[in-house]
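Visitor: So here's target19.txt (compact mmCIF, C-alpha atoms and all ligand atoms).
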```txt
# COMPACT_ATOMS: atom_id res chain seq x y z
CA MET A 269 25.56 36.94 65.73
CA PRO A 270 25.68 33.13 65.99
CA ASN A 271 27.91 31.24 63.58
CA ALA A 272 29.29 34.43 62.10
CA PRO A 273 31.43 33.40 59.16
CA HIS A 274 35.00 34.55 58.81
CA HIS A 275 34.94 37.79 56.85
CA THR A 276 37.58 38.75 54.38
CA ASP A 277 38.10 41.72 52.11
CA ARG A 278 36.68 39.61 49.33
CA HIS A 279 33.61 38.68 51.37
CA PRO A 280 32.79 41.62 53.59
CA ALA A 281 30.00 41.34 56.15
CA ASP A 282 26.57 42.78 55.37
CA PHE A 283 26.95 45.55 57.93
CA GLU A 284 30.22 46.61 56.32
CA LEU A 285 28.66 46.62 52.85
CA ILE A 286 25.62 48.60 53.97
CA ARG A 287 27.88 51.18 55.62
CA ARG A 288 29.62 51.59 52.27
CA VAL A 289 26.31 51.78 50.42
CA ALA A 290 25.33 54.63 52.74
CA ASN A 291 28.42 56.44 51.48
CA GLY A 292 27.36 56.00 47.87
CA ASP A 293 29.51 52.97 47.03
CA GLU A 294 27.94 51.26 44.00
CA ALA A 295 30.25 48.24 44.25
CA ALA A 296 28.99 47.57 47.76
CA LEU A 297 25.41 47.73 46.51
CA THR A 298 26.13 45.20 43.77
CA ALA A 299 27.88 42.95 46.30
CA LEU A 300 24.72 42.94 48.45
CA TYR A 301 22.63 42.47 45.33
CA ASP A 302 24.68 39.47 44.22
CA ARG A 303 24.33 38.00 47.68
CA TYR A 304 20.56 38.40 48.10
CA ALA A 305 18.94 39.03 44.70
CA GLY A 306 18.13 35.32 44.39
CA VAL A 307 16.10 35.08 47.59
CA VAL A 308 14.42 38.45 47.05
CA TYR A 309 13.43 37.56 43.50
CA SER A 310 12.25 34.08 44.48
CA VAL A 311 9.85 35.32 47.14
CA ALA A 312 8.52 38.07 44.86
CA HIS A 313 7.97 35.51 42.13
CA ARG A 314 6.26 33.13 44.54
CA VAL A 315 3.85 35.89 45.56
CA LEU A 316 3.22 37.46 42.17
CA LYS A 317 3.68 34.49 39.83
CA ASP A 318 4.78 36.95 37.18
CA GLU A 319 8.33 37.59 36.03
CA GLY A 320 7.93 41.23 35.11
CA ALA A 321 6.28 42.15 38.40
CA ALA A 322 8.83 40.15 40.38
CA GLU A 323 11.64 41.97 38.55
CA GLU A 324 10.03 45.24 39.50
CA VAL A 325 9.94 44.28 43.18
CA LEU A 326 13.55 43.11 43.07
CA GLN A 327 14.80 46.36 41.56
CA ASP A 328 12.59 48.39 43.86
CA VAL A 329 13.79 46.69 47.06
CA PHE A 330 17.44 47.29 46.23
CA TYR A 331 16.78 50.83 45.09
CA GLN A 332 15.15 51.51 48.46
CA LEU A 333 18.22 50.05 50.07
CA TRP A 334 20.39 52.43 48.07
CA CYS A 335 18.30 55.46 48.99
CA ASN A 336 17.80 54.67 52.66
CA ALA A 337 21.00 52.87 53.64
CA SER A 338 22.04 55.66 55.99
CA ARG A 339 18.97 55.02 58.16
CA TYR A 340 19.86 51.40 58.68
CA ASP A 341 20.91 50.54 62.24
CA ALA A 342 23.04 47.40 62.36
CA ALA A 343 22.69 47.23 66.15
CA ARG A 344 18.95 46.66 65.90
CA GLY A 345 18.29 44.57 62.81
CA THR A 346 19.91 42.50 60.10
CA MET A 347 20.21 43.44 56.45
CA ALA A 348 19.06 40.02 55.28
CA GLY A 349 15.99 40.21 57.51
CA TRP A 350 15.04 43.60 56.12
CA LEU A 351 15.41 42.30 52.56
CA LEU A 352 13.26 39.20 53.19
CA VAL A 353 10.51 41.24 54.81
CA SER A 354 10.66 44.00 52.19
CA ALA A 355 10.51 41.56 49.31
CA ARG A 356 7.44 39.85 50.72
CA ASN A 357 5.63 43.03 51.73
CA ARG A 358 6.29 44.90 48.48
CA ALA A 359 5.21 41.90 46.45
CA ILE A 360 2.00 41.64 48.48
CA ASP A 361 1.37 45.36 48.03
CA LEU A 362 1.73 44.94 44.28
CA LEU A 363 -0.41 41.80 44.25
CA ARG A 364 -3.18 43.52 46.18
CA ARG A 365 -2.72 46.76 44.25
CA ARG A 366 -1.99 48.70 47.37
CA LYS A 367 0.32 51.63 47.66
CA PRO A 368 3.64 50.57 49.15
CA ALA A 369 3.13 50.79 52.90
CA ASP A 370 4.87 53.39 54.98
CA THR A 371 5.76 50.68 57.41
CA ASN A 372 8.64 48.32 56.85
CA SER A 373 11.11 51.15 56.55
CA MET A 374 14.71 50.91 57.65
CA GLU A 375 13.56 52.01 61.09
CA GLU A 376 11.55 48.85 61.52
CA PRO A 377 14.28 46.36 62.40
CA VAL A 378 14.22 42.67 61.55
CA PRO A 379 16.72 41.00 63.88
CA LEU A 380 17.16 37.71 62.06
CA ALA A 381 18.67 35.15 64.40
CA PHE A 382 20.54 33.49 61.56
CA ASN A 383 23.40 34.57 59.37
CA LEU A 384 22.74 34.35 55.65
CA GLU A 385 25.93 35.89 54.34
CA SER A 386 27.36 32.74 52.78
CA SER A 387 25.61 30.64 50.19
CA VAL A 388 26.17 27.55 52.36
CA ALA A 389 24.37 29.20 55.27
CA ARG A 390 21.52 30.25 52.99
CA THR A 391 21.11 26.73 51.62
CA GLN A 392 21.11 25.24 55.13
CA LEU A 393 18.51 27.65 56.41
CA ILE A 394 16.31 27.17 53.34
CA SER A 395 16.18 23.42 53.96
CA ARG A 396 15.46 24.03 57.65
CA VAL A 397 12.50 26.28 56.79
CA LYS A 398 11.21 23.74 54.31
CA SER A 399 11.37 20.91 56.79
CA ALA A 400 9.60 23.12 59.34
CA LEU A 401 6.74 23.59 56.88
CA GLY A 402 6.78 19.86 56.26
CA ILE A 403 5.79 19.26 59.89
CA LEU A 404 2.53 21.18 59.46
CA THR A 405 -0.67 19.44 58.37
CA PRO A 406 -1.60 20.22 54.77
CA ALA A 407 -4.55 22.34 55.97
CA GLN A 408 -2.35 24.35 58.38
CA ARG A 409 0.22 24.83 55.71
CA GLN A 410 -2.37 26.05 53.23
CA VAL A 411 -3.66 28.69 55.66
CA LEU A 412 -0.13 29.81 56.45
CA GLU A 413 0.86 30.05 52.78
CA LEU A 414 -2.28 31.95 51.82
CA THR A 415 -1.51 34.39 54.62
CA TYR A 416 2.18 34.79 53.91
CA PHE A 417 2.42 34.46 50.13
CA ALA A 418 -0.99 35.82 49.13
CA GLY A 419 -1.52 38.34 51.93
CA MET A 420 -5.04 37.08 52.54
CA THR A 421 -7.04 37.93 55.64
CA HIS A 422 -8.72 35.23 57.73
CA GLY A 423 -12.04 36.12 56.16
CA GLU A 424 -10.69 35.82 52.62
CA ILE A 425 -9.17 32.44 53.41
CA ALA A 426 -12.44 31.23 54.91
CA GLU A 427 -14.22 32.29 51.75
CA LYS A 428 -11.66 30.68 49.49
CA THR A 429 -11.44 27.38 51.33
CA GLY A 430 -15.08 27.16 52.42
CA GLU A 431 -14.02 26.61 56.03
CA PRO A 432 -15.56 28.48 58.97
CA LEU A 433 -13.65 31.57 60.09
CA GLY A 434 -12.94 30.00 63.48
CA THR A 435 -11.32 26.99 61.85
CA VAL A 436 -9.08 29.23 59.76
CA LYS A 437 -7.94 31.15 62.82
CA THR A 438 -7.29 27.99 64.81
CA ARG A 439 -5.26 26.46 61.99
CA LEU A 440 -3.15 29.54 61.49
CA ARG A 441 -2.45 29.77 65.23
CA ALA A 442 -1.49 26.11 65.34
CA ALA A 443 0.84 26.60 62.38
CA LEU A 444 2.45 29.66 63.97
CA HIS A 445 2.85 27.80 67.26
CA THR A 446 4.70 24.96 65.52
CA LEU A 447 6.94 27.36 63.63
CA ARG A 448 7.93 29.08 66.87
CA GLN A 449 9.11 25.75 68.22
CA VAL A 450 11.04 24.56 65.19
CA LEU A 451 12.46 27.85 63.93
CA ALA A 452 13.92 28.95 67.26
CA PRO A 453 17.56 29.86 66.75
CA MET B 139 -1.33 50.97 79.65
CA ASN B 140 -3.29 47.78 79.10
CA GLU B 141 -1.74 44.38 79.72
CA HIS B 142 0.78 42.62 77.54
CA PRO B 143 -0.96 40.52 74.90
CA GLN B 144 -0.78 36.99 76.24
CA PRO B 145 -0.85 34.60 73.29
CA GLU B 146 2.39 34.73 71.38
CA GLU B 147 0.42 34.24 68.15
CA VAL B 148 -0.83 37.82 68.37
CA PHE B 149 2.70 39.03 67.62
CA ASP B 150 2.97 36.65 64.69
CA GLU B 151 -0.42 37.65 63.33
CA TYR B 152 0.36 41.33 63.60
CA ALA B 153 3.70 40.80 61.83
CA LEU B 154 1.88 38.90 59.09
CA GLY B 155 -0.59 41.73 58.67
CA SER B 156 -3.52 39.46 59.48
CA LEU B 157 -4.58 41.04 62.76
CA GLU B 158 -7.65 43.17 62.12
CA GLY B 159 -10.16 45.53 63.67
CA GLU B 160 -10.24 46.08 67.42
CA ASP B 161 -7.56 43.46 68.06
CA LYS B 162 -5.18 45.37 65.82
CA GLN B 163 -5.96 48.73 67.40
CA ALA B 164 -5.58 47.41 70.93
CA PHE B 165 -2.27 45.82 70.03
CA GLU B 166 -0.92 48.96 68.41
CA SER B 167 -1.89 51.19 71.31
CA HIS B 168 -0.16 48.84 73.72
CA LEU B 169 2.89 48.66 71.49
CA ARG B 170 3.46 52.39 71.60
CA ASP B 171 4.22 52.28 75.31
CA CYS B 172 5.75 48.87 75.80
CA LYS B 173 9.36 48.26 74.85
CA THR B 174 9.13 44.61 75.82
CA CYS B 175 6.35 43.95 73.36
CA ALA B 176 8.02 46.03 70.66
CA ARG B 177 11.00 43.74 71.03
CA ARG B 178 8.82 40.62 70.90
CA LEU B 179 7.23 41.94 67.72
CA GLU B 180 10.65 42.38 66.14
CA GLU B 181 11.45 38.78 66.97
CA ALA B 182 8.17 37.60 65.49
CA ARG B 183 8.83 39.61 62.35
CA ALA B 184 12.30 38.10 62.03
CA ARG B 185 11.02 34.56 62.56
CA LEU B 186 8.29 34.93 59.97
CA ALA B 187 10.68 36.54 57.51
CA LEU B 188 12.25 33.11 57.24
CA LEU B 189 9.13 31.91 55.43
CA SER B 190 10.35 33.92 52.43
CA LEU B 191 13.04 31.26 52.13
CA ALA B 192 10.39 28.63 51.42
CA ALA B 193 9.76 30.16 47.98
CA PRO B 194 11.07 27.96 45.15
CA PRO B 195 14.50 29.38 44.26
CA ILE B 196 14.72 31.18 40.91
CA THR B 197 17.63 33.13 39.46
CA PRO B 198 16.71 36.68 38.48
CA PRO B 199 17.60 37.84 34.96
CA LEU B 200 20.71 39.98 34.54
CA ARG B 201 18.68 42.91 33.20
CA VAL B 202 17.38 43.73 36.68
CA ARG B 203 20.92 44.27 37.93
CA GLU B 204 21.58 46.55 34.97
CA GLY B 205 18.32 48.39 35.48
CA LEU B 206 19.16 48.92 39.15
CA LEU B 207 22.57 50.36 38.28
CA ALA B 208 21.08 52.65 35.66
CA GLN B 209 18.49 53.83 38.19
CA VAL B 210 21.13 54.37 40.86
CA ARG B 211 23.28 56.38 38.46
CA ALA B 212 20.37 58.45 37.21
CA GLN B 213 19.59 59.27 40.84
CA SER B 214 23.24 59.97 41.70
CA SER B 215 23.56 62.35 38.77
CA GLY B 216 20.49 64.23 39.97
CA LYS B 217 18.18 63.28 37.11
CA VAL B 218 15.78 61.52 39.42
CA PRO B 219 15.06 62.79 42.91
CA LYS B 220 15.65 60.53 45.88
CA PRO B 221 12.31 59.10 46.92
CA ALA B 222 11.10 59.63 50.44
CA ILE B 223 11.55 56.57 52.57
CA SER B 224 9.44 53.66 51.36
CA ARG B 225 7.58 55.86 48.91
CA GLN B 226 8.11 55.10 45.30
CA PRO B 227 6.34 55.35 42.01
CA ARG B 228 4.89 51.99 41.11
CA ARG B 229 6.79 51.48 37.88
CA THR B 230 10.48 51.52 38.51
CA LEU B 231 11.84 50.18 35.27
CA TRP B 232 14.11 53.04 34.57
CA LEU B 233 13.21 53.77 30.98
CA VAL B 234 9.49 53.89 31.44
CA PRO B 235 9.12 57.22 33.22
CA LEU B 236 11.64 58.89 30.92
CA LEU B 237 9.94 57.76 27.78
CA ALA B 238 6.50 58.31 29.20
CA ALA B 239 7.51 61.87 30.01
CA ALA B 240 8.47 62.41 26.40
CA ALA B 241 5.09 61.16 25.29
CA GLY B 242 3.36 64.50 25.58
CA ALA B 243 5.61 65.95 22.94
CA LEU B 244 4.95 63.15 20.54
CA ALA B 245 2.17 62.49 18.11
CA ILE B 246 1.41 58.97 19.21
CA THR B 247 -1.21 58.03 21.75
CA ALA B 248 0.11 57.58 25.24
CA VAL B 249 -1.24 54.09 25.54
CA VAL B 250 0.64 52.82 22.54
CA LEU B 251 3.74 54.66 23.58
CA ILE B 252 3.80 53.29 27.10
CA ARG B 253 3.35 49.80 25.74
CA LEU B 254 6.18 50.40 23.31
CA ASN B 255 8.36 51.96 25.95
CA HIS B 256 7.87 49.11 28.30
CA ARG B 257 8.75 46.65 25.62
CA LEU B 258 11.69 48.75 24.47
CA SER B 259 13.20 48.84 27.92
CA ARG B 260 13.04 45.07 28.00
CA GLN B 261 14.39 44.78 24.47
CA LEU B 262 17.34 47.00 25.33
CA ALA B 263 18.05 44.95 28.39
CA ALA B 264 17.72 41.74 26.42
CA LEU B 265 20.09 43.06 23.78
CA GLU B 266 22.63 43.95 26.38
CA GLN B 267 22.19 40.59 27.99
CA LYS B 268 23.15 38.87 24.75
CA GLN B 269 26.39 40.81 24.59
CA ALA B 270 27.05 39.99 28.20
CA ALA B 271 27.67 36.34 27.49
CA MET B 272 30.70 37.26 25.41
CA LEU B 273 32.55 39.26 27.99
CA ALA B 274 34.22 38.56 31.30
CA ALA B 275 31.92 39.40 34.20
CA GLN B 276 33.58 42.50 35.62
CA GLN B 277 34.45 44.10 32.31
CA GLU B 278 31.00 43.32 30.99
CA GLN B 279 29.22 45.07 33.83
CA GLN B 280 31.19 48.22 33.20
CA LEU B 281 30.36 48.12 29.51
CA GLN B 282 26.71 47.43 30.15
CA ALA B 283 26.49 50.25 32.59
CA ASP B 284 28.30 52.60 30.20
CA LYS B 285 25.91 51.70 27.45
CA ALA B 286 22.88 52.12 29.69
CA ARG B 287 24.22 55.54 30.63
CA ARG B 288 24.82 56.46 27.01
CA VAL B 289 21.30 55.41 26.07
CA LEU B 290 19.99 57.44 28.97
CA ASN B 291 22.05 60.41 27.79
CA VAL B 292 20.54 60.25 24.34
CA LEU B 293 17.03 59.97 25.71
CA THR B 294 17.27 62.72 28.31
CA SER B 295 19.61 65.30 26.84
CA PRO B 296 17.81 68.59 26.07
CA GLU B 297 19.52 68.79 22.65
CA THR B 298 18.09 65.43 21.61
CA VAL B 299 15.53 65.67 18.83
CA LYS B 300 12.64 63.27 18.84
CA VAL B 301 11.19 62.26 15.53
CA SER B 302 8.05 60.26 14.96
CA LEU B 303 8.06 58.18 11.82
CA LEU B 304 4.70 57.47 10.28
CA PRO B 305 3.77 55.09 7.49
CA ALA B 306 4.81 56.30 4.07
CA ASP B 307 1.86 54.52 2.50
CA ALA B 308 -1.68 53.56 3.41
CA HIS B 309 -0.98 50.99 6.14
CA PRO B 310 -1.88 52.71 9.38
CA ALA B 311 -0.26 50.46 11.94
CA PRO B 312 3.56 50.61 11.59
CA GLN B 313 5.34 53.34 13.46
CA GLY B 314 8.81 54.31 14.47
CA LYS B 315 10.53 56.65 16.83
CA ALA B 316 14.02 58.05 16.60
CA PHE B 317 15.90 59.73 19.42
CA TYR B 318 18.88 61.43 17.87
CA ASN B 319 21.61 63.52 19.32
CA SER B 320 24.40 64.39 16.90
CA ASP B 321 27.02 64.07 19.64
CA LYS B 322 25.62 61.25 21.68
CA GLY B 323 24.06 58.96 19.13
CA LEU B 324 20.84 57.44 17.89
CA VAL B 325 18.23 55.23 19.51
CA PHE B 326 15.46 54.03 17.23
CA TYR B 327 12.57 51.69 17.67
CA ALA B 328 9.75 50.57 15.44
CA ALA B 329 6.50 48.80 16.05
CA ASN B 330 3.90 46.91 14.07
CA LEU B 331 6.10 46.30 11.08
CA PRO B 332 5.14 43.30 8.96
CA PRO B 333 7.97 40.82 8.38
CA PRO B 334 10.01 41.88 5.33
CA PRO B 335 9.81 39.60 2.27
CA SER B 336 12.14 36.61 2.34
CA GLY B 337 15.70 37.68 1.47
CA TYR B 338 15.02 41.30 2.46
CA THR B 339 15.60 43.34 5.58
CA TYR B 340 14.64 46.68 7.08
CA GLN B 341 17.30 49.38 6.97
CA LEU B 342 17.32 52.65 8.90
CA TRP B 343 18.66 55.84 7.28
CA LEU B 344 19.81 59.12 8.67
CA VAL B 345 19.12 61.80 6.04
CA PRO B 346 21.61 64.59 6.75
CA LEU B 347 20.91 68.27 6.13
CA ARG B 348 23.44 68.06 3.33
CA GLY B 349 24.52 65.05 1.31
CA VAL B 350 23.28 61.53 0.73
CA PRO B 351 21.55 59.30 3.32
CA ILE B 352 23.78 57.53 5.84
CA SER B 353 22.95 53.97 6.82
CA ALA B 354 22.16 53.55 10.50
CA GLY B 355 22.07 49.80 10.10
CA VAL B 356 19.70 47.00 9.25
CA PHE B 357 17.32 45.54 11.80
CA ARG B 358 15.06 42.59 12.28
CA THR B 359 11.57 42.59 13.69
CA ASP B 360 10.26 40.15 16.23
CA ARG B 361 7.00 38.25 16.09
CA GLU B 362 5.10 41.29 17.30
CA GLY B 363 6.63 43.47 14.59
CA ASP B 364 8.93 45.37 16.94
CA GLY B 365 12.45 46.30 15.94
CA LYS B 366 15.16 48.58 17.18
CA VAL B 367 18.52 50.11 16.36
CA VAL B 368 20.50 51.15 19.41
CA LEU B 369 23.58 53.37 19.21
CA PRO B 370 24.68 52.37 15.69
CA PRO B 371 28.11 53.51 14.51
CA LEU B 372 27.52 56.92 12.85
CA PRO B 373 29.80 59.82 12.01
CA ARG B 374 29.72 62.36 14.82
CA GLY B 375 28.20 65.81 14.66
CA VAL B 376 26.04 65.28 11.57
CA PRO B 377 22.85 67.38 11.71
CA ALA B 378 19.86 65.32 10.63
CA LYS B 379 17.06 66.43 8.34
CA ALA B 380 15.02 63.22 8.55
CA PHE B 381 15.00 59.53 9.33
CA ALA B 382 13.63 56.81 7.12
CA VAL B 383 13.23 53.06 7.00
CA THR B 384 13.40 51.18 3.72
CA ILE B 385 13.21 47.56 2.67
CA GLU B 386 16.53 46.41 1.23
CA PRO B 387 18.07 43.14 0.10
CA ALA B 388 19.47 41.08 3.01
CA GLY B 389 22.56 42.66 4.53
CA GLY B 390 21.49 46.15 3.53
CA ARG B 391 22.73 48.55 0.90
CA PRO B 392 25.11 51.53 1.04
CA GLN B 393 22.33 53.74 -0.32
CA PRO B 394 18.56 53.28 -0.16
CA THR B 395 17.14 51.37 -3.12
CA GLY B 396 13.89 49.90 -1.80
CA LYS B 397 10.49 51.02 -0.78
CA LYS B 398 10.20 53.62 2.01
CA VAL B 399 8.27 52.09 4.86
CA LEU B 400 8.62 54.82 7.48
CA ILE B 401 9.77 58.38 7.24
CA GLY B 402 9.98 61.28 9.64
CA ALA B 403 11.44 64.78 9.35
CA VAL B 404 13.28 66.54 12.16
CA SER B 405 11.02 69.41 13.13
ZN ZN A 501 3.78 44.77 76.54
```
Before anything else, please render the file you have as structure tokens.
Ligand SMILES: [Zn+2]

Guide:
Amino acid sequence: MPNAPHHTDRHPADFELIRRVANGDEAALTALYDRYAGVVYSVAHRVLKDEGAAEEVLQDVFYQLWCNASRYDAARGTMAGWLLVSARNRAIDLLRRRKPADTNSMEEPVPLAFNLESSVARTQLISRVKSALGILTPAQRQVLELTYFAGMTHGEIAEKTGEPLGTVKTRLRAALHTLRQVLAP
Amino acid sequence: MNEHPQPEEVFDEYALGSLEGEDKQAFESHLRDCKTCARRLEEARARLALLSLAAPPITPPLRVREGLLAQVRAQSSGKVPKPAISRQPRRTLWLVPLLAAAAGALAITAVVLIRLNHRLSRQLAALEQKQAAMLAAQQEQQLQADKARRVLNVLTSPETVKVSLLPADAHPAPQGKAFYNSDKGLVFYAANLPPPPSGYTYQLWLVPLRGVPISAGVFRTDREGDGKVVLPPLPRGVPAKAFAVTIEPAGGRPQPTGKKVLIGAVS
């Protein structure tokens, strides 16, 4: 893990906390919650634009963590990555009134290339992501945000924006290409 | 096995859930056999996960933390089964299913009850949140959790009686519900009550099998006419005959003097 912070008993690493959660340690669950509830809630709120629904996603994501912690494999994915993906996907499921997907379980690893265990690291990465989005053209950014935060398909975006389907696809691909360059670890 | 998908964007699009139709099927069938591409997909998923960080930062309310702990404890104590991986009932606010389950036994329509329950769970959390400000963080969490557990005990214990309180006069709308367990305590909520006259308040009474009514406290109603009394100080082990709500001068009275607004007998 690059830039791994110095861990102490007061600030245990995510993998240590999740190991304790797997053994039924409530304090470890609340430590993870206190570390990540803010980002999980923020993305759910961004997607759903509703406090009650975002609260539901937040509680749900951490309850899943509690129930499935023993399946988590620290060698393959990061806890923070799983939380970010879960928060987004569950919020989209709720937004689109879908049943929670069977995918995105603990067995589907999210090997985040960044460490988010300290609030300083989280703040730094947040500003890096924001400046990455700032590089995109407004039209590229719109397509990307409708895909990521509204879970829309290409066709739905074309309908919403009045652009041809081909244009939507091209813009999204261009946006993803740029992100790959600027968000490389 | 067909060839590795060439454009890197395919991995991103699949991770975003925006790959569709034949493209999606072809990608998935390739993925099953190709470790290299499975690994590339994981990397794409991790890179895109970072977009979650672009959401405007908001601090979640404390009640979610409390709700999570209550849910975790209910599950640990075996009251709620562990869900299968990634499968979960839609509504996870911990009070809702419990109260909704009690609905069948009660003489109020399910729709009204679920609305009330949902609001009650938020009211309880809000109430606890108010107390939170007064206590040091660690100590407070313990107390909150204890209280949540005690409320849960009252609501779920088999010995708990559930009493519906209906209007004592012609107004159809107001209603109340008391969950009472002589060992564990009382949880009461009311809905659709008009605001009491200026200088007056609502007061809840436990009418024991023997003796005079015991005050279970005064309560306010909010703009929507909802009110509640949660775990008031009451003598232990008193069997109840009925519950009632009266209108009393501000601050309440040791014995009921005013008009009965709601009343319900223990069946
Ligand atoms: Zn391949």

Visitor: If I take atom CA of A:Arg356 and atom CA of A:Pro379, how far is one from the other in Å, to one decimal?

Guide: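 Answer for the atom CA of A:Arg356 to atom CA of A:Pro379 separation: 16.1 Å.
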
Visitor: Could you pull the residues within 7 Å of B:Pro332, counting all atoms listed in the file, minus those fewer than 2 positions along the same chain, as a PyMOL selection string?

Guide: chain B and resi 330+334+363

Visitor: Do you know which residues are within 10 Å of ligand ZN 501 (chain A) using only C-alpha atoms and all ligand atoms? Can you write them as a list of chain:residue names?

Guide: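 Taking only C-alpha atoms and all ligand atoms into account, the residues around ligand ZN 501 (chain A) at most 10 Å away are B:Met139, B:Asn140, B:Glu141, B:His142, B:Pro143, B:Gln144, B:Phe165, B:His168, B:Leu169, B:Arg170, B:Asp171, B:Cys172, B:Lys173, B:Thr174, B:Cys175, B:Ala176, B:Arg177, B:Arg178, B:Leu179.
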
Visitor: I'd like a table as JSON lines: residues in chain B with an atom no more than 6 Å from chain A, each row giving the shortest atom pair and its distance in Å to one decimal, all atoms listed in the file counted, sorted by chain and rising residue number.

Guide:
```
{"residue": "B:Ser156", "atom": "CA", "partner": "A:Thr421", "partner_atom": "CA", "distance": 5.4}
{"residue": "B:Glu180", "atom": "CA", "partner": "A:Val378", "partner_atom": "CA", "distance": 5.8}
{"residue": "B:Ala184", "atom": "CA", "partner": "A:Leu380", "partner_atom": "CA", "distance": 4.9}
{"residue": "B:Ala187", "atom": "CA", "partner": "A:Val353", "partner_atom": "CA", "distance": 5.4}
{"residue": "B:Ser190", "atom": "CA", "partner": "A:Val311", "partner_atom": "CA", "distance": 5.5}
{"residue": "B:Leu191", "atom": "CA", "partner": "A:Ile394", "partner_atom": "CA", "distance": 5.4}
{"residue": "B:Ala192", "atom": "CA", "partner": "A:Lys398", "partner_atom": "CA", "distance": 5.7}
{"residue": "B:Ala193", "atom": "CA", "partner": "A:Val311", "partner_atom": "CA", "distance": 5.2}
{"residue": "B:Pro195", "atom": "CA", "partner": "A:Ser310", "partner_atom": "CA", "distance": 5.2}
{"residue": "B:Ile196", "atom": "CA", "partner": "A:Ser310", "partner_atom": "CA", "distance": 5.2}
{"residue": "B:Thr197", "atom": "CA", "partner": "A:Gly306", "partner_atom": "CA", "distance": 5.4}
{"residue": "B:Leu206", "atom": "CA", "partner": "A:Gln327", "partner_atom": "CA", "distance": 5.6}
{"residue": "B:Ser224", "atom": "CA", "partner": "A:Asp370", "partner_atom": "CA", "distance": 5.8}
```

Visitor: Rounded to one decimal in Å, what is the spacing between atom CA of B:Arg391 and atom CA of B:Gly355?

Guide: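 These atoms are spaced 9.3 Å apart.
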
Visitor: Please measure the separation of atom CA of B:Ala153 and atom CA of B:Arg183, giving the value in Å to one decimal.

Guide: 5.3 Å

Visitor: Please export stretch 332-363 of chain A as a PDB file, in the first residue's frame, restricted to C-alpha atoms.

Guide:
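Result went into result.pdb, see below:
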```
ATOM      1  CA  GLN A 332     -23.682  -5.506   5.247  1.00  0.00           C
ATOM      2  CA  LEU A 333     -20.136  -4.946   6.382  1.00  0.00           C
ATOM      3  CA  TRP A 334     -21.029  -6.290   9.814  1.00  0.00           C
ATOM      4  CA  CYS A 335     -22.740  -9.368   8.409  1.00  0.00           C
ATOM      5  CA  ASN A 336     -20.191 -10.225   5.736  1.00  0.00           C
ATOM      6  CA  ALA A 337     -16.896  -9.095   7.247  1.00  0.00           C
ATOM      7  CA  SER A 338     -15.574 -12.639   7.427  1.00  0.00           C
ATOM      8  CA  ARG A 339     -15.727 -12.924   3.625  1.00  0.00           C
ATOM      9  CA  TYR A 340     -13.536  -9.899   3.124  1.00  0.00           C
ATOM     10  CA  ASP A 341     -10.093 -10.673   1.714  1.00  0.00           C
ATOM     11  CA  ALA A 342      -7.588  -7.943   2.541  1.00  0.00           C
ATOM     12  CA  ALA A 343      -5.081  -9.403   0.074  1.00  0.00           C
ATOM     13  CA  ARG A 344      -7.369  -8.694  -2.865  1.00  0.00           C
ATOM     14  CA  GLY A 345      -9.225  -5.469  -2.150  1.00  0.00           C
ATOM     15  CA  THR A 346      -9.402  -2.475   0.142  1.00  0.00           C
ATOM     16  CA  MET A 347     -12.105  -1.763   2.677  1.00  0.00           C
ATOM     17  CA  ALA A 348     -12.440   1.852   1.591  1.00  0.00           C
ATOM     18  CA  GLY A 349     -12.843   0.793  -2.034  1.00  0.00           C
ATOM     19  CA  TRP A 350     -15.593  -1.644  -1.154  1.00  0.00           C
ATOM     20  CA  LEU A 351     -17.413   1.051   0.834  1.00  0.00           C
ATOM     21  CA  LEU A 352     -17.215   3.621  -1.986  1.00  0.00           C
ATOM     22  CA  VAL A 353     -18.493   1.152  -4.554  1.00  0.00           C
ATOM     23  CA  SER A 354     -21.205  -0.217  -2.264  1.00  0.00           C
ATOM     24  CA  ALA A 355     -22.470   3.228  -1.357  1.00  0.00           C
ATOM     25  CA  ARG A 356     -22.785   4.239  -4.993  1.00  0.00           C
ATOM     26  CA  ASN A 357     -24.303   0.968  -6.190  1.00  0.00           C
ATOM     27  CA  ARG A 358     -26.831   0.665  -3.368  1.00  0.00           C
ATOM     28  CA  ALA A 359     -27.887   4.266  -3.807  1.00  0.00           C
ATOM     29  CA  ILE A 360     -28.349   3.707  -7.550  1.00  0.00           C
ATOM     30  CA  ASP A 361     -30.362   0.555  -6.852  1.00  0.00           C
ATOM     31  CA  LEU A 362     -32.621   2.536  -4.553  1.00  0.00           C
ATOM     32  CA  LEU A 363     -32.870   5.429  -6.998  1.00  0.00           C
TER      33      LEU A 363
END
```
